[in-house]
Amino acid sequence: MMLHVATAPLWRTIPQPPAVQVLVVAAGLVLIAAELWWFLGPRGRGVTAGEDGQGVQEISITVQGGYTPSRLHVKAGRPVRLRFHRTDPSGCVAQVIFPDFQRSLDLPLGATTSIDLPPCRPGVYPFHCGMNMVRGSLEVE
Ligand SMILES: [Cu+2]
């Protein structure tokens with residue numbers, strides 16, 4: 001037995017003028033680009049470390065939605081101390097990892113936590129949050 005049920009289509013296409021289609025696609029691409037830049041783009045041009053009396057290069061970094069600054073310039077062959085001040089309540093940034101140094105650092109909220117890194121050779125040493133979403137780099141020259 002055949003059952004014939006007359007049904008209206010679940011949806012119907014509403015034609016749009018080509019100009020509107022182009023505009024919507026272009027707006028989407030702009031938003032995608034903006035999002036990539038926001039999450040992955042460099043934050044500022046970076047900062048060069050100052051040195052304390054013992055020749056330790058120090059940089060203070062604010063952790064709020066990212067690392068500011070995120071590009072840290074230091075000189076090769078001298079010890080480095082990074083001070084992270086975390087004001088971002090997101091658990092995402094509760095830890096910072098330095099894969100090349102096999103070190104990680106817990107960042108309590110509202111506190112400044114520092115890590116001492118040994119003198120190293122010239123190169124770019126990335127660091128990131130526990131989920132590898134928030135990133136920065138230690139640039140040794
Ligand atoms: Cu994260």
# chains A, B, ... in the order shown; residues from 1 in each chain; ligands from 1
call {"tool": "residues_near_ligand", "arguments": {"ligand": "ligand 1", "cutoff": "12 Å", "atoms": "only C-alpha atoms and all ligand atoms", "output": "list in words"}}
result
Phe39, Val63, Gln64, Gly65, Gly66, Tyr67, Asp88, Pro89, Ser90, Gly91, Cys92, Val93, Ala94, Gln95, Val96, Ile97, Phe127, His128, Cys129, Gly130, Met131, Asn132, Met133, Val134, Arg135 and Gly136 of chain A
call {"tool": "select_by_dssp", "arguments": {"residues": "chain A", "states": "alpha helix (DSSP H)", "output": "MDAnalysis selection string"}}
result
chainID A and resid 18:40
call {"tool": "closest_residue", "arguments": {"among": "A:Thr48, A:Gln21, A:Gln102, A:Thr68", "to": "Val80 of chain A", "atoms": "only C-alpha atoms"}}
result
A:Thr48
call {"tool": "residues_around", "arguments": {"residues": "segment 106-120 of chain A", "least_positions_apart": "6", "cutoff": "6 Å", "atoms": "only C-alpha atoms", "output": "number ranges by chain"}}
result
A: 76-87, 94-95
call {"tool": "write_last_selection", "arguments": {"atoms": "N, CA and C atoms", "output": "PDB file, in the first residue's frame"}}
result
ATOM      1  N   ALA A  76      71.815  36.807  24.431  1.00  0.00           N
ATOM      2  CA  ALA A  76      72.286  35.438  24.620  1.00  0.00           C
ATOM      3  C   ALA A  76      73.322  35.379  25.737  1.00  0.00           C
ATOM      4  N   GLY A  77      73.402  34.211  26.359  1.00  0.00           N
ATOM      5  CA  GLY A  77      74.480  33.961  27.307  1.00  0.00           C
ATOM      6  C   GLY A  77      74.325  34.609  28.661  1.00  0.00           C
ATOM      7  N   ARG A  78      73.166  35.148  28.952  1.00  0.00           N
ATOM      8  CA  ARG A  78      72.946  35.756  30.266  1.00  0.00           C
ATOM      9  C   ARG A  78      71.625  35.255  30.834  1.00  0.00           C
ATOM     10  N   PRO A  79      71.591  35.121  32.156  1.00  0.00           N
ATOM     11  CA  PRO A  79      70.363  34.590  32.756  1.00  0.00           C
ATOM     12  C   PRO A  79      69.170  35.526  32.553  1.00  0.00           C
ATOM     13  N   VAL A  80      68.005  34.932  32.577  1.00  0.00           N
ATOM     14  CA  VAL A  80      66.771  35.657  32.303  1.00  0.00           C
ATOM     15  C   VAL A  80      65.785  35.400  33.449  1.00  0.00           C
ATOM     16  N   ARG A  81      65.130  36.453  33.883  1.00  0.00           N
ATOM     17  CA  ARG A  81      64.047  36.289  34.868  1.00  0.00           C
ATOM     18  C   ARG A  81      62.795  36.925  34.293  1.00  0.00           C
ATOM     19  N   LEU A  82      61.746  36.108  34.191  1.00  0.00           N
ATOM     20  CA  LEU A  82      60.472  36.616  33.678  1.00  0.00           C
ATOM     21  C   LEU A  82      59.486  36.692  34.825  1.00  0.00           C
ATOM     22  N   ARG A  83      58.848  37.847  34.960  1.00  0.00           N
ATOM     23  CA  ARG A  83      57.841  38.036  36.010  1.00  0.00           C
ATOM     24  C   ARG A  83      56.478  38.118  35.351  1.00  0.00           C
ATOM     25  N   PHE A  84      55.643  37.136  35.665  1.00  0.00           N
ATOM     26  CA  PHE A  84      54.296  37.118  35.096  1.00  0.00           C
ATOM     27  C   PHE A  84      53.312  37.633  36.134  1.00  0.00           C
ATOM     28  N   HIS A  85      52.584  38.674  35.767  1.00  0.00           N
ATOM     29  CA  HIS A  85      51.527  39.174  36.651  1.00  0.00           C
ATOM     30  C   HIS A  85      50.186  38.828  36.017  1.00  0.00           C
ATOM     31  N   ARG A  86      49.463  37.912  36.678  1.00  0.00           N
ATOM     32  CA  ARG A  86      48.213  37.425  36.087  1.00  0.00           C
ATOM     33  C   ARG A  86      47.018  38.153  36.681  1.00  0.00           C
ATOM     34  N   THR A  87      46.273  38.836  35.810  1.00  0.00           N
ATOM     35  CA  THR A  87      45.026  39.476  36.227  1.00  0.00           C
ATOM     36  C   THR A  87      43.837  38.829  35.543  1.00  0.00           C
ATOM     37  N   ALA A  94      46.297  29.822  33.573  1.00  0.00           N
ATOM     38  CA  ALA A  94      46.768  29.522  34.934  1.00  0.00           C
ATOM     39  C   ALA A  94      48.153  28.901  34.940  1.00  0.00           C
ATOM     40  N   GLN A  95      48.609  28.495  33.773  1.00  0.00           N
ATOM     41  CA  GLN A  95      49.926  27.870  33.699  1.00  0.00           C
ATOM     42  C   GLN A  95      50.624  28.367  32.440  1.00  0.00           C
TER      43      GLN A  95
END
call {"tool": "residues_around", "arguments": {"residues": "Tyr125 of chain A", "least_positions_apart": "2", "cutoff": "8 Å", "atoms": "only C-alpha atoms", "output": "short mmCIF file (atom, residue, chain, number, x, y, z; two decimals) with C-alpha atoms, in the first residue's frame"}}
result
data_model
loop_
_atom_site.label_atom_id
_atom_site.label_comp_id
_atom_site.auth_asym_id
_atom_site.auth_seq_id
_atom_site.Cartn_x
_atom_site.Cartn_y
_atom_site.Cartn_z
CA PHE A 98 58.42 26.74 28.27
CA ASP A 100 62.45 24.25 25.19
CA GLY A 123 67.09 31.67 18.87
CA PHE A 127 56.09 29.71 25.46
CA SER A 137 58.15 34.04 22.46
CA LEU A 138 61.47 34.61 24.09
CA GLU A 139 63.72 35.97 21.37
CA VAL A 140 67.38 35.58 22.23
#
call {"tool": "select_by_dssp", "arguments": {"residues": "chain A", "states": "strand (DSSP E or B)", "output": "MDAnalysis selection string"}}
result
chainID A and resid 47:48 50:51 57:63 67:68 71:74 80:86 95:98 103:106 112:117 123:129 135:140
call {"tool": "atom_distance", "arguments": {"atom1": "atom CA of Ile14 of chain A", "atom2": "atom CA of Ala26 of chain A"}}
result
19.6 Å
call {"tool": "atom_distance", "arguments": {"atom1": "atom CA of Ala34 of chain A", "atom2": "atom CA of His73 of chain A"}}
result
26.3 Å
call {"tool": "atom_distance", "arguments": {"atom1": "atom CA of Gly46 of chain A", "atom2": "atom CA of Arg121 of chain A"}}
result
18.9 Å
